[in-house]
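Shown below: model23.cif, with mmCIF, C-alpha atoms, pLDDT in the B column; chains and numbers go by the auth columns.
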```cif
data_model
loop_
_atom_site.group_PDB
_atom_site.id
_atom_site.type_symbol
_atom_site.label_atom_id
_atom_site.label_comp_id
_atom_site.label_asym_id
_atom_site.label_seq_id
_atom_site.Cartn_x
_atom_site.Cartn_y
_atom_site.Cartn_z
_atom_site.B_iso_or_equiv
_atom_site.auth_seq_id
_atom_site.auth_asym_id
ATOM 1 C CA MET A 1 -19.726 14.175 55.256 87.00 1 A
ATOM 2 C CA GLU A 2 -22.037 16.986 54.227 91.00 2 A
ATOM 3 C CA ILE A 3 -25.590 17.266 55.514 91.00 3 A
ATOM 4 C CA VAL A 4 -28.204 18.936 53.338 87.00 4 A
ATOM 5 C CA SER A 5 -31.574 19.834 54.790 91.00 5 A
ATOM 6 C CA ILE A 6 -34.689 20.558 52.771 91.00 6 A
ATOM 7 C CA GLU A 7 -38.237 21.456 53.635 94.00 7 A
ATOM 8 C CA LYS A 8 -40.690 18.658 54.274 94.00 8 A
ATOM 9 C CA ASN A 9 -42.934 19.850 51.425 95.00 9 A
ATOM 10 C CA THR A 10 -40.028 19.793 48.963 94.00 10 A
ATOM 11 C CA PHE A 11 -39.038 16.301 50.085 93.00 11 A
ATOM 12 C CA GLU A 12 -42.611 15.039 49.640 95.00 12 A
ATOM 13 C CA GLN A 13 -42.778 16.541 46.141 95.00 13 A
ATOM 14 C CA MET A 14 -39.501 14.848 45.230 94.00 14 A
ATOM 15 C CA LEU A 15 -40.765 11.558 46.623 94.00 15 A
ATOM 16 C CA ASN A 16 -44.017 11.818 44.629 94.00 16 A
ATOM 17 C CA ARG A 17 -42.119 12.543 41.415 93.00 17 A
ATOM 18 C CA PHE A 18 -39.816 9.610 42.022 91.00 18 A
ATOM 19 C CA GLU A 19 -42.784 7.287 42.633 92.00 19 A
ATOM 20 C CA GLN A 20 -44.396 8.503 39.386 91.00 20 A
ATOM 21 C CA PHE A 21 -41.136 7.862 37.553 87.00 21 A
ATOM 22 C CA ALA A 22 -40.896 4.351 39.021 86.00 22 A
ATOM 23 C CA LEU A 23 -44.459 3.590 37.905 86.00 23 A
ATOM 24 C CA GLU A 24 -43.704 4.808 34.374 82.00 24 A
ATOM 25 C CA VAL A 25 -40.572 2.650 34.178 79.00 25 A
ATOM 26 C CA GLU A 26 -42.526 -0.365 35.413 79.00 26 A
ATOM 27 C CA ALA A 27 -45.233 0.269 32.821 75.00 27 A
ATOM 28 C CA LEU A 28 -42.618 0.455 30.062 69.00 28 A
ATOM 29 C CA CYS A 29 -41.029 -2.781 31.238 68.00 29 A
ATOM 30 C CA ASN A 30 -44.392 -4.549 31.274 65.00 30 A
ATOM 31 C CA GLN A 31 -45.187 -3.189 27.835 57.00 31 A
ATOM 32 C CA GLY A 32 -41.899 -4.628 26.575 49.00 32 A
ATOM 33 C CA GLU A 33 -42.816 -8.077 27.866 48.00 33 A
ATOM 34 C CA ASP A 34 -45.959 -8.025 25.780 46.00 34 A
ATOM 35 C CA LYS A 35 -43.916 -7.263 22.678 46.00 35 A
ATOM 36 C CA GLY A 36 -41.611 -10.255 23.041 45.00 36 A
ATOM 37 C CA MET A 37 -38.856 -8.621 25.056 41.00 37 A
ATOM 38 C CA LYS A 38 -38.484 -11.845 27.024 58.00 38 A
ATOM 39 C CA GLU A 39 -36.477 -13.125 24.094 82.00 39 A
ATOM 40 C CA TRP A 40 -33.195 -12.072 25.697 90.00 40 A
ATOM 41 C CA LEU A 41 -30.573 -14.519 26.970 92.00 41 A
ATOM 42 C CA ASP A 42 -28.242 -13.879 29.874 92.00 42 A
ATOM 43 C CA SER A 43 -24.522 -14.684 29.870 94.00 43 A
ATOM 44 C CA GLN A 44 -24.914 -18.057 31.551 93.00 44 A
ATOM 45 C CA GLU A 45 -27.459 -19.231 28.975 91.00 45 A
ATOM 46 C CA VAL A 46 -25.217 -18.097 26.106 92.00 46 A
ATOM 47 C CA CYS A 47 -22.216 -19.902 27.622 93.00 47 A
ATOM 48 C CA VAL A 48 -24.245 -23.129 27.791 91.00 48 A
ATOM 49 C CA ILE A 49 -25.558 -22.743 24.231 90.00 49 A
ATOM 50 C CA LEU A 50 -22.101 -22.031 22.797 91.00 50 A
ATOM 51 C CA ASN A 51 -20.334 -24.449 25.144 91.00 51 A
ATOM 52 C CA ILE A 52 -17.796 -21.785 26.158 94.00 52 A
ATOM 53 C CA GLY A 53 -16.650 -20.160 29.385 95.00 53 A
ATOM 54 C CA LYS A 54 -17.251 -16.666 30.736 95.00 54 A
ATOM 55 C CA ARG A 55 -13.855 -15.398 29.597 97.00 55 A
ATOM 56 C CA LYS A 56 -14.388 -16.579 26.023 96.00 56 A
ATOM 57 C CA LEU A 57 -17.769 -14.837 26.012 96.00 57 A
ATOM 58 C CA GLN A 58 -16.102 -11.676 27.298 96.00 58 A
ATOM 59 C CA TYR A 59 -13.552 -11.968 24.473 96.00 59 A
ATOM 60 C CA LEU A 60 -16.402 -12.242 21.946 95.00 60 A
ATOM 61 C CA ARG A 61 -17.983 -9.081 23.408 96.00 61 A
ATOM 62 C CA ASN A 62 -14.701 -7.165 23.472 96.00 62 A
ATOM 63 C CA SER A 63 -13.879 -8.128 19.893 95.00 63 A
ATOM 64 C CA ARG A 64 -17.423 -7.128 18.857 94.00 64 A
ATOM 65 C CA LYS A 65 -18.214 -10.563 17.481 94.00 65 A
ATOM 66 C CA ILE A 66 -21.459 -10.710 19.453 95.00 66 A
ATOM 67 C CA PRO A 67 -23.717 -7.714 20.175 95.00 67 A
ATOM 68 C CA PHE A 68 -25.078 -7.282 23.683 96.00 68 A
ATOM 69 C CA SER A 69 -27.050 -4.944 25.897 94.00 69 A
ATOM 70 C CA MET A 70 -26.299 -4.084 29.509 93.00 70 A
ATOM 71 C CA ILE A 71 -29.188 -3.391 31.862 89.00 71 A
ATOM 72 C CA ASN A 72 -28.473 -2.644 35.523 90.00 72 A
ATOM 73 C CA GLY A 73 -25.019 -4.147 35.189 91.00 73 A
ATOM 74 C CA LYS A 74 -26.298 -7.430 33.730 93.00 74 A
ATOM 75 C CA ILE A 75 -25.500 -8.383 30.157 95.00 75 A
ATOM 76 C CA PHE A 76 -28.138 -9.749 27.782 95.00 76 A
ATOM 77 C CA TYR A 77 -27.957 -11.155 24.254 95.00 77 A
ATOM 78 C CA ARG A 78 -30.551 -11.555 21.526 93.00 78 A
ATOM 79 C CA PRO A 79 -31.086 -15.173 20.437 91.00 79 A
ATOM 80 C CA GLN A 80 -30.730 -14.241 16.760 91.00 80 A
ATOM 81 C CA ASP A 81 -27.255 -12.808 17.466 92.00 81 A
ATOM 82 C CA VAL A 82 -26.215 -16.044 19.169 91.00 82 A
ATOM 83 C CA LYS A 83 -27.558 -18.059 16.212 90.00 83 A
ATOM 84 C CA ARG A 84 -25.664 -15.812 13.802 90.00 84 A
ATOM 85 C CA LEU A 85 -22.452 -16.420 15.758 89.00 85 A
ATOM 86 C CA ILE A 86 -23.021 -20.193 15.567 87.00 86 A
ATOM 87 C CA THR A 87 -23.589 -20.127 11.808 86.00 87 A
ATOM 88 C CA ASN A 88 -20.497 -17.962 11.235 83.00 88 A
ATOM 89 C CA LYS A 89 -18.172 -20.355 13.113 70.00 89 A
#
```
What is this structure when it is put down as structure tokens?
Amino acid sequence: MEIVSIEKNTFEQMLNRFEQFALEVEALCNQGEDKGMKEWLDSQEVCVILNIGKRKLQYLRNSRKIPFSMINGKIFYRPQDVKRLITNK
């Protein structure tokens, strides 16, 4: 294990910058909610809608039959993409 020491002033500056960054990210997330970004479905909701299991949903992702976005390790789907998959079946 390696120990790195920095000056207190430098650490406080880094902490302030990180807090500013966190506030900006939060503001962007809140702005997205106002623009209808809550229209995303998670994997469990898609499985229920399509009446399929997790592995089948993973197959659909891997074969690029359904687009998705991954945020913080969690996968989300747009409702219109799920509807398109249903109509194409």
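Across A:Gln44, A:Ile71, A:Met14, A:Glu26, the tightest approach to Gln58 in chain A is made by A:Gln44 when counting only C-alpha atoms.
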Pull out every residue that the PyMOL selection byres ((chain A and resi 76) around 7) matches in the shown coordinates and put them as a PyMOL selection string. chain A and resi 40-43+68-70+74-75+77-78
note - CA of Val46 in chain A and CA of Val82 in chain A are separated by 7.3 Å
Could you work out how far CA of Lys65 in chain A lies from CA of Leu85 in chain A, giving the answer in Å with one decimal? 7.4 Å
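What separates CA of Lys89 in chain A from CA of Asn51 in chain A is a distance of 12.9 Å.
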Using the file's own x, y and z axes, what box holds all listed atoms of range 57-73 of chain A with 4 Å on each side, keeping edges along x, y and z, and what are its centre and edge lengths in Å to one decimal, as AutoDock Vina command-line options?
```
--center_x -21.4 --center_y -8.7 --center_z 26.5 --size_x 23.6 --size_y 20.2 --size_z 26.0
```
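For the choices A:Arg17, A:Leu50, A:Lys8, A:Lys56, the atom-to-atom distance to Pro79 in chain A is smallest for A:Leu50 when using only C-alpha atoms.
Here the question is which of A:Phe18, A:Met1, A:Phe11, A:Lys83 gets nearest to Pro67 in chain A using only C-alpha atoms, and that residue is A:Lys83.
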